[in-house]
$ cat start37.tsv   # TSV, C-alpha atoms
chain	number	residue	atom	x	y	z
A	7	MET	CA	-18.64	13.89	5.18
A	8	ALA	CA	-15.51	14.51	7.26
A	9	TYR	CA	-13.41	12.64	4.70
A	10	TRP	CA	-14.39	14.96	1.86
A	11	VAL	CA	-14.02	18.08	4.02
A	12	VAL	CA	-10.47	17.11	5.02
A	13	LYS	CA	-9.66	16.19	1.42
A	14	ALA	CA	-11.02	19.49	0.09
A	15	VAL	CA	-8.89	21.42	2.59
A	16	LEU	CA	-5.66	19.43	2.34
A	17	THR	CA	-5.46	18.76	-1.39
A	18	PRO	CA	-4.77	22.35	-2.52
A	19	ILE	CA	-2.37	22.83	0.39
A	20	LEU	CA	-0.39	19.72	-0.50
A	21	ARG	CA	-0.30	20.64	-4.17
A	22	PHE	CA	0.97	24.11	-3.28
A	23	PHE	CA	3.77	22.97	-0.97
A	24	PHE	CA	4.81	19.87	-2.94
A	25	ARG	CA	5.30	19.11	-6.62
A	26	VAL	CA	2.90	16.20	-6.86
A	27	ARG	CA	2.59	14.22	-10.07
A	28	VAL	CA	0.32	11.24	-10.71
A	29	VAL	CA	1.12	8.74	-13.47
A	30	GLY	CA	-1.34	6.05	-14.50
A	31	ALA	CA	-4.44	7.40	-12.75
A	32	GLU	CA	-6.52	5.86	-15.55
A	33	ASN	CA	-5.74	2.43	-14.09
A	34	ILE	CA	-8.01	3.13	-11.12
A	35	PRO	CA	-11.61	2.25	-12.04
A	36	ASP	CA	-14.29	4.91	-11.75
A	37	GLU	CA	-16.46	2.49	-9.82
A	38	GLY	CA	-16.29	-0.94	-8.25
A	39	ALA	CA	-14.15	-2.47	-5.53
A	40	ALA	CA	-10.38	-2.77	-5.81
A	41	ILE	CA	-7.36	-3.03	-3.55
A	42	LEU	CA	-4.61	-0.43	-3.92
A	43	ALA	CA	-1.36	-2.09	-2.81
A	44	SER	CA	1.39	0.44	-2.18
A	45	ASN	CA	5.00	0.49	-1.14
A	46	HIS	CA	5.51	2.30	2.15
A	47	VAL	CA	8.48	4.58	2.70
A	48	SER	CA	7.04	7.47	4.74
A	49	PHE	CA	4.27	8.39	7.16
A	50	CYS	CA	2.92	10.81	4.56
A	51	ASP	CA	2.18	8.01	2.07
A	52	SER	CA	-1.20	7.59	3.77
A	53	ILE	CA	-1.92	11.28	3.25
A	54	PHE	CA	-0.76	11.89	-0.30
A	55	LEU	CA	-2.34	8.86	-1.92
A	56	PRO	CA	-5.95	9.47	-0.77
A	57	MET	CA	-5.63	13.17	-1.53
A	58	VAL	CA	-4.87	12.66	-5.24
A	59	LEU	CA	-7.69	10.20	-5.93
A	60	ARG	CA	-11.17	11.17	-7.08
A	61	ARG	CA	-12.63	8.25	-5.16
A	62	ARG	CA	-12.55	7.60	-1.45
A	63	LEU	CA	-9.74	5.33	-0.26
A	64	THR	CA	-9.81	3.55	3.10
A	65	PHE	CA	-6.57	2.39	4.70
A	66	VAL	CA	-5.80	0.39	7.80
A	67	ALA	CA	-3.64	2.40	10.18
A	68	LYS	CA	-1.72	1.22	13.21
A	69	ALA	CA	-3.75	1.58	16.39
A	70	GLU	CA	-1.12	3.80	17.99
A	71	TYR	CA	-2.27	6.65	15.74
A	72	PHE	CA	-5.74	6.36	17.28
A	73	ASP	CA	-4.33	6.24	20.80
A	74	ASP	CA	-2.45	9.51	20.30
A	75	PRO	CA	-4.76	12.58	20.52
A	76	LYS	CA	-2.42	14.47	18.16
A	77	THR	CA	-3.19	12.11	15.28
A	78	ALA	CA	-6.42	10.36	16.33
A	79	TRP	CA	-8.69	13.18	15.12
A	80	PHE	CA	-7.26	13.01	11.61
A	81	PHE	CA	-7.46	9.25	11.20
A	82	ARG	CA	-10.97	9.10	12.63
A	83	SER	CA	-12.18	11.95	10.43
A	84	VAL	CA	-11.07	10.20	7.26
A	85	GLY	CA	-12.57	6.86	8.25
A	86	GLN	CA	-9.36	4.85	8.58
A	87	ILE	CA	-9.43	1.44	10.25
A	88	PRO	CA	-7.20	0.83	13.31
A	89	ILE	CA	-5.23	-2.40	13.47
A	90	ARG	CA	-2.98	-3.62	16.25
A	91	ARG	CA	0.24	-5.27	15.15
A	92	GLU	CA	0.16	-7.93	17.84
A	93	GLY	CA	-2.79	-9.54	16.04
A	94	GLY	CA	-5.72	-11.11	17.84
A	95	SER	CA	-9.32	-9.96	17.73
A	96	ALA	CA	-8.41	-6.35	16.90
A	97	SER	CA	-6.58	-7.39	13.74
A	98	ALA	CA	-9.37	-9.80	12.80
A	99	GLY	CA	-11.85	-6.96	13.22
A	100	ALA	CA	-9.80	-4.73	10.94
A	101	LEU	CA	-9.73	-7.39	8.23
A	102	ALA	CA	-13.47	-7.85	8.56
A	103	ALA	CA	-13.90	-4.10	8.17
A	104	ALA	CA	-11.68	-4.21	5.06
A	105	THR	CA	-13.96	-6.88	3.63
A	106	ASP	CA	-16.96	-4.65	4.32
A	107	VAL	CA	-15.26	-1.82	2.39
A	108	LEU	CA	-14.67	-4.05	-0.63
A	109	ARG	CA	-18.14	-5.57	-0.55
A	110	SER	CA	-19.52	-2.05	-0.59
A	111	GLY	CA	-17.76	-1.51	-3.92
A	112	GLU	CA	-15.15	0.89	-2.55
A	113	LEU	CA	-11.36	1.20	-2.70
A	114	PHE	CA	-9.22	-0.26	0.05
A	115	GLY	CA	-5.54	0.60	0.54
A	116	ILE	CA	-2.94	-1.74	2.00
A	117	TYR	CA	0.83	-1.89	2.44
A	118	PRO	CA	1.91	-5.47	1.59
A	119	GLU	CA	5.22	-5.02	3.43
A	120	GLY	CA	3.25	-4.57	6.65
A	121	THR	CA	5.27	-1.56	7.82
A	122	ARG	CA	7.39	1.28	6.54
A	123	SER	CA	10.65	0.31	4.90
A	124	PRO	CA	13.47	0.95	7.40
A	125	ASP	CA	15.97	1.90	4.69
A	126	GLY	CA	14.07	2.81	1.52
A	127	ARG	CA	14.33	-0.64	-0.04
A	128	LEU	CA	11.31	-2.76	-1.00
A	129	TYR	CA	10.79	-5.73	1.30
A	130	LYS	CA	9.04	-9.08	0.88
A	131	GLY	CA	5.27	-8.76	0.80
A	132	LYS	CA	2.98	-10.54	3.21
A	133	THR	CA	0.26	-12.65	1.64
A	134	GLY	CA	-2.65	-10.87	3.32
A	135	VAL	CA	-3.12	-8.69	0.24
A	136	ALA	CA	-3.57	-11.76	-1.95
A	137	ARG	CA	-5.86	-13.46	0.55
A	138	LEU	CA	-8.07	-10.37	0.80
A	139	ALA	CA	-8.26	-9.94	-2.98
A	140	MET	CA	-9.06	-13.58	-3.68
A	141	ALA	CA	-11.61	-13.87	-0.89
A	142	ASN	CA	-13.51	-10.91	-2.34
A	143	GLY	CA	-12.83	-11.43	-6.04
A	144	VAL	CA	-11.35	-7.96	-6.58
A	145	PRO	CA	-8.29	-6.79	-8.56
A	146	ILE	CA	-5.09	-5.56	-6.95
A	147	ILE	CA	-3.76	-2.25	-8.27
A	148	PRO	CA	-0.05	-1.65	-7.49
A	149	VAL	CA	0.85	1.90	-6.51
A	150	ALA	CA	4.37	3.25	-6.03
A	151	MET	CA	5.07	6.26	-3.86
A	152	VAL	CA	8.25	7.97	-5.06
A	153	GLY	CA	9.79	10.93	-3.24
A	154	THR	CA	7.74	10.77	-0.04
A	155	ARG	CA	10.69	9.37	1.92
A	156	GLU	CA	12.74	12.41	0.95
A	157	ALA	CA	9.83	14.72	1.73
A	158	GLN	CA	9.36	13.24	5.21
A	159	PRO	CA	12.02	10.81	6.41
A	160	ILE	CA	11.18	8.40	9.23
A	161	GLY	CA	11.36	10.21	12.56
A	162	GLN	CA	11.05	13.70	11.07
A	163	VAL	CA	7.90	15.52	12.15
A	164	MET	CA	8.03	18.50	9.81
A	165	PRO	CA	8.23	17.59	6.11
A	166	ASN	CA	10.69	19.08	3.66
A	167	LEU	CA	8.61	21.43	1.53
A	168	PHE	CA	8.58	21.81	-2.25
A	169	MET	CA	9.93	18.32	-2.82
A	170	PRO	CA	8.90	16.40	-5.97
A	171	ILE	CA	6.54	13.50	-5.28
A	172	THR	CA	5.43	11.05	-7.95
A	173	ILE	CA	2.62	8.52	-7.52
A	174	ARG	CA	2.77	5.77	-10.13
A	175	VAL	CA	-0.30	3.59	-10.59
A	176	GLY	CA	0.18	0.25	-12.33
A	177	ARG	CA	-2.24	-1.92	-14.27
A	178	PRO	CA	-4.68	-4.00	-12.20
A	179	ILE	CA	-3.66	-7.56	-11.39
A	180	ASP	CA	-6.61	-9.89	-11.94
A	181	VAL	CA	-6.71	-12.75	-9.41
A	182	ALA	CA	-9.73	-14.45	-11.00
A	183	ARG	CA	-7.53	-17.08	-12.69
A	184	TYR	CA	-6.70	-18.45	-9.25
A	185	ALA	CA	-10.28	-18.46	-7.93
A	186	ASP	CA	-10.34	-22.25	-7.46
A	187	ARG	CA	-7.08	-22.20	-5.45
A	188	ALA	CA	-7.74	-19.31	-3.09
A	189	ASP	CA	-6.52	-21.23	-0.03
A	190	ASP	CA	-3.34	-22.59	-1.61
A	191	PRO	CA	-0.32	-21.04	0.18
A	192	LYS	CA	1.79	-21.28	-2.99
A	193	VAL	CA	-0.83	-19.38	-4.97
A	194	LEU	CA	-1.09	-16.71	-2.28
A	195	ARG	CA	2.68	-16.30	-2.40
A	196	ARG	CA	2.69	-16.20	-6.21
A	197	VAL	CA	0.05	-13.45	-6.35
A	198	THR	CA	1.84	-11.47	-3.64
A	199	ASP	CA	5.14	-11.75	-5.52
A	200	GLU	CA	3.45	-10.47	-8.68
A	201	VAL	CA	2.35	-7.42	-6.70
A	202	MET	CA	5.86	-6.88	-5.31
A	203	PHE	CA	7.40	-7.27	-8.78
A	204	GLU	CA	5.13	-4.53	-10.09
A	205	LEU	CA	5.95	-2.30	-7.12
A	206	ARG	CA	9.66	-2.80	-7.78
A	207	GLU	CA	9.21	-1.89	-11.44
A	208	LEU	CA	7.11	1.18	-10.65
A	209	SER	CA	9.19	2.49	-7.76
A	210	GLY	CA	12.71	1.58	-8.89
A	211	GLN	CA	13.47	0.34	-5.38
A	212	GLU	CA	15.95	-2.42	-4.65
A	213	TYR	CA	14.07	-5.57	-3.66
A	214	VAL	CA	14.99	-7.49	-0.51
A	215	ASP	CA	13.55	-10.99	-0.05
A	216	GLN	CA	13.10	-10.55	3.68
A	217	TYR	CA	10.18	-9.58	5.86
A	218	ALA	CA	10.85	-6.17	7.37
A	219	LYS	CA	9.91	-4.59	10.63
A	220	ARG	CA	10.36	-0.93	11.36
A	221	GLY	CA	14.01	-0.46	12.20
A	222	GLU	CA	15.02	-4.07	11.74
A	223	VAL	CA	14.73	-7.16	9.55
A	224	VAL	CA	12.74	-9.77	11.44
A	225	GLU	CA	13.16	-12.83	9.24
A	226	GLU	CA	15.55	-13.95	6.52
A	227	VAL	CA	14.14	-16.22	3.85
A	228	GLY	CA	16.96	-16.80	1.39
A	229	PRO	CA	18.02	-15.38	-1.99
A	230	ALA	CA	15.73	-12.88	-3.66
A	231	ARG	CA	13.30	-14.45	-6.11
A	232	VAL	CA	10.52	-12.29	-7.51
A	233	ALA	CA	7.85	-13.10	-10.10
A	234	THR	CA	8.92	-12.39	-13.66
A	235	LEU	CA	7.12	-10.01	-15.98
A	236	ASP	CA	5.47	-12.98	-17.70
A	237	SER	CA	3.48	-13.75	-14.56
A	238	VAL	CA	2.11	-10.21	-14.49
A	239	ASN	CA	1.00	-10.56	-18.09
A	240	GLY	CA	-0.93	-13.70	-17.26
A	241	HIS	CA	1.60	-16.39	-18.20
A	242	GLU	CA	3.24	-18.97	-16.01
A	243	PRO	CA	6.02	-17.29	-14.00
A	244	ALA	CA	9.53	-18.49	-14.65
A	245	ALA	CA	10.71	-17.87	-11.09
A	246	VAL	CA	8.49	-17.21	-8.12
A	247	ALA	CA	9.24	-17.34	-4.41
A	248	VAL	CA	7.08	-19.95	-2.74
A	249	ALA	CA	7.99	-19.49	0.91
A	250	THR	CA	5.07	-18.38	3.03
$ encode --input "start37.tsv" --output "structure tokens"
Amino acid sequence: MAYWVVKAVLTPILRFFFRVRVVGAENIPDEGAAILASNHVSFCDSIFLPMVLRRRLTFVAKAEYFDDPKTAWFFRSVGQIPIRREGGSASAGALAAATDVLRSGELFGIYPEGTRSPDGRLYKGKTGVARLAMANGVPIIPVAMVGTREAQPIGQVMPNLFMPITIRVGRPIDVARYADRADDPKVLRRVTDEVMFELRELSGQEYVDQYAKRGEVVEEVGPARVATLDSVNGHEPAAVAVAT
């Protein structure tokens, strides 16, 4: 109930103070489980995306938001799942909760990059999104947030009002063709790269083939190689990164 109350209050406010436009909303199914995989350039990504959807969307959120009384009330009220970045049982519990969301036929949101982009570029995706989709047999829907970084840059508490924000929703990526290879690291990387290719196309961001951590790059993995458009259309990709 709290989720819908907060949504009912915030949605008209957000639409008044920001020029929000949604493109491709028809790609989100009216029912059934799916993963919404989004780029992540601003704190407010987790606010704008759920607010523009007709269906409920559950995200994982870093546990620090639940530790801080100033933000804990909001994240608890909208049913978000806390996850601690250091891993361990807390992270495992969050993934189990994500599975429960999908098995209940609901929408689950995830940021494949694992954190906000430190510089506005799109970083290498982690394979958790592919693993979660394949384990539950659900499609991955790429979603690009455009303009949220300008509306609320990292470190800025008060957003810049009346900024244009566009949310672009891509066509679902069906992972069923890989069902018999769900534990193959190369397949997990291939599916993840398909997602990142779509996010690059939707967002227009420059792609960096490195794992990113807030404020710094934590691992370099060589020249950028992203799945080609053929792989998204269901054909064998011509060039796909295979590093895990």
$ closest_residue --input "start37.tsv" --among "A:Gly131, A:Gly210, A:Gly120, A:Gly153" --to "Ile173 of chain A" --atoms "all atoms listed in the file"
A:Gly153
$ closest_residue --input "start37.tsv" --among "A:Pro56, A:Pro159, A:Pro88, A:Pro148" --to "Lys68 of chain A" --atoms "only C-alpha atoms"
A:Pro88
$ closest_atom_pairs --input "start37.tsv" --of "segment 134-157 of chain A" --to "segment 105-119 of chain A" --cutoff "8 Å" --atoms "only C-alpha atoms" --output "CSV"
residue,atom,partner,partner_atom,distance
A:Gly134,CA,A:Pro118,CA,7.3
A:Val135,CA,A:Pro118,CA,6.1
A:Leu138,CA,A:Thr105,CA,7.4
A:Asn142,CA,A:Leu108,CA,7.2
A:Val144,CA,A:Leu108,CA,7.9
$ residues_around --input "start37.tsv" --residues "Val66 of chain A" --least-positions-apart "4" --cutoff "10 Å" --atoms "only C-alpha atoms" --output "number ranges by chain"
A: 52, 81, 85-90, 97, 100-101, 103-104, 114-117
$ atom_distance --input "start37.tsv" --atom1 "atom CA of Tyr213 of chain A" --atom2 "atom CA of Asp190 of chain A"
24.4 Å
$ atom_distance --input "start37.tsv" --atom1 "atom CA of Ala43 of chain A" --atom2 "atom CA of Met202 of chain A"
9.0 Å
$ atom_distance --input "start37.tsv" --atom1 "atom CA of Pro145 of chain A" --atom2 "atom CA of Val214 of chain A"
24.6 Å
$ closest_residue --input "start37.tsv" --among "A:Leu167, A:Cys50, A:Ala69, A:Met7" --to "Val84 of chain A" --atoms "all atoms listed in the file"
A:Met7
$ residues_around --input "start37.tsv" --residues "Gly143 of chain A" --least-positions-apart "2" --cutoff "10 Å" --atoms "only C-alpha atoms" --output "ChimeraX atom specification"
/A:39-40,108-109,137-141,145-146,180-182,184-185,188
$ closest_residue --input "start37.tsv" --among "A:Gly126, A:Pro18, A:Gly176, A:Pro35" --to "Glu156 of chain A" --atoms "only C-alpha atoms"
A:Gly126
$ residues_around --input "start37.tsv" --residues "Val47 of chain A" --least-positions-apart "2" --cutoff "8 Å" --atoms "only C-alpha atoms" --output "list in words"
Asn45, Phe49, Asp51, Arg122, Ser123, Pro124, Gly126, Met151, Thr154 and Arg155 of chain A
$ closest_residue --input "start37.tsv" --among "A:Arg183, A:Lys13, A:Arg127, A:Arg27" --to "Gln211 of chain A" --atoms "all atoms listed in the file"
A:Arg127
$ residues_around --input "start37.tsv" --residues "Ile147 of chain A" --least-positions-apart "5" --cutoff "9 Å" --atoms "all atoms listed in the file" --output "PyMOL selection string"
chain A and resi 33-34+40-44+175-180+201
$ closest_residue --input "start37.tsv" --among "A:Leu128, A:Ile171, A:Ala157, A:Val152" --to "Asp199 of chain A" --atoms "only C-alpha atoms"
A:Leu128
$ decode --input "start37.tsv" --residues "segment 45-124 of chain A" --atoms "C-alpha atoms" --output "mmCIF file, in the first residue's frame"
data_model
loop_
_atom_site.group_PDB
_atom_site.id
_atom_site.type_symbol
_atom_site.label_atom_id
_atom_site.label_comp_id
_atom_site.auth_asym_id
_atom_site.auth_seq_id
_atom_site.Cartn_x
_atom_site.Cartn_y
_atom_site.Cartn_z
ATOM 1 C CA ASN A 45 22.020 2.375 -16.974
ATOM 2 C CA HIS A 46 22.751 4.315 -13.798
ATOM 3 C CA VAL A 47 23.907 7.919 -13.922
ATOM 4 C CA SER A 48 22.120 9.549 -10.971
ATOM 5 C CA PHE A 49 20.581 8.823 -7.586
ATOM 6 C CA CYS A 50 17.208 9.888 -8.982
ATOM 7 C CA ASP A 51 17.169 7.050 -11.542
ATOM 8 C CA SER A 52 15.625 4.850 -8.848
ATOM 9 C CA ILE A 53 12.875 7.415 -8.328
ATOM 10 C CA PHE A 54 11.938 8.398 -11.868
ATOM 11 C CA LEU A 55 11.759 4.929 -13.368
ATOM 12 C CA PRO A 56 9.260 3.409 -10.888
ATOM 13 C CA MET A 57 7.172 6.567 -10.966
ATOM 14 C CA VAL A 58 6.486 6.401 -14.721
ATOM 15 C CA LEU A 59 5.478 2.732 -14.819
ATOM 16 C CA ARG A 60 1.933 1.456 -14.413
ATOM 17 C CA ARG A 61 3.234 -1.670 -12.712
ATOM 18 C CA ARG A 62 5.168 -1.956 -9.488
ATOM 19 C CA LEU A 63 8.948 -2.130 -9.870
ATOM 20 C CA THR A 64 11.234 -3.444 -7.141
ATOM 21 C CA PHE A 65 14.901 -2.445 -7.087
ATOM 22 C CA VAL A 66 17.817 -3.464 -4.942
ATOM 23 C CA ALA A 67 19.284 -0.463 -3.158
ATOM 24 C CA LYS A 68 22.569 -0.157 -1.321
ATOM 25 C CA ALA A 69 22.193 -0.871 2.376
ATOM 26 C CA GLU A 70 23.570 2.543 3.321
ATOM 27 C CA TYR A 71 20.251 4.081 2.253
ATOM 28 C CA PHE A 72 18.497 1.928 4.855
ATOM 29 C CA ASP A 73 21.042 2.827 7.528
ATOM 30 C CA ASP A 74 20.436 6.550 7.043
ATOM 31 C CA PRO A 75 17.167 7.733 8.679
ATOM 32 C CA LYS A 76 16.882 10.501 6.056
ATOM 33 C CA THR A 77 16.419 7.983 3.254
ATOM 34 C CA ALA A 78 15.440 4.748 5.029
ATOM 35 C CA TRP A 79 11.748 5.679 5.309
ATOM 36 C CA PHE A 80 11.448 6.179 1.564
ATOM 37 C CA PHE A 81 13.178 2.978 0.514
ATOM 38 C CA ARG A 82 11.276 0.907 3.060
ATOM 39 C CA SER A 83 7.940 2.418 2.062
ATOM 40 C CA VAL A 84 8.405 1.470 -1.576
ATOM 41 C CA GLY A 85 9.531 -2.066 -0.793
ATOM 42 C CA GLN A 86 13.105 -1.841 -2.052
ATOM 43 C CA ILE A 87 15.598 -4.579 -1.185
ATOM 44 C CA PRO A 88 18.809 -3.635 0.671
ATOM 45 C CA ILE A 89 22.079 -5.116 -0.536
ATOM 46 C CA ARG A 90 25.529 -4.674 0.937
ATOM 47 C CA ARG A 91 28.327 -4.218 -1.554
ATOM 48 C CA GLU A 92 30.825 -6.295 0.394
ATOM 49 C CA GLY A 93 28.806 -9.401 -0.489
ATOM 50 C CA GLY A 94 28.249 -12.279 1.894
ATOM 51 C CA SER A 95 24.939 -13.420 3.335
ATOM 52 C CA ALA A 96 23.298 -9.998 2.957
ATOM 53 C CA SER A 97 23.907 -9.953 -0.789
ATOM 54 C CA ALA A 98 22.789 -13.573 -1.112
ATOM 55 C CA GLY A 99 19.607 -12.672 0.735
ATOM 56 C CA ALA A 100 18.957 -9.784 -1.647
ATOM 57 C CA LEU A 101 19.352 -12.053 -4.664
ATOM 58 C CA ALA A 102 16.997 -14.572 -3.097
ATOM 59 C CA ALA A 103 14.484 -11.775 -2.556
ATOM 60 C CA ALA A 104 14.897 -10.749 -6.214
ATOM 61 C CA THR A 105 14.092 -14.318 -7.223
ATOM 62 C CA ASP A 106 10.956 -14.191 -5.063
ATOM 63 C CA VAL A 107 9.883 -11.005 -6.875
ATOM 64 C CA LEU A 108 10.285 -12.641 -10.281
ATOM 65 C CA ARG A 109 8.610 -15.876 -9.254
ATOM 66 C CA SER A 110 5.662 -13.798 -8.090
ATOM 67 C CA GLY A 111 5.289 -12.523 -11.655
ATOM 68 C CA GLU A 112 6.464 -8.985 -10.880
ATOM 69 C CA LEU A 113 9.010 -6.557 -12.327
ATOM 70 C CA PHE A 114 12.498 -6.372 -10.890
ATOM 71 C CA GLY A 115 14.920 -3.524 -11.604
ATOM 72 C CA ILE A 116 18.694 -3.860 -11.679
ATOM 73 C CA TYR A 117 21.724 -1.785 -12.672
ATOM 74 C CA PRO A 118 24.110 -4.119 -14.551
ATOM 75 C CA GLU A 119 27.040 -1.750 -13.982
ATOM 76 C CA GLY A 120 26.674 -2.348 -10.249
ATOM 77 C CA THR A 121 27.002 1.326 -9.317
ATOM 78 C CA ARG A 122 26.477 4.801 -10.690
ATOM 79 C CA SER A 123 28.722 5.805 -13.556
ATOM 80 C CA PRO A 124 31.460 8.076 -12.174
#
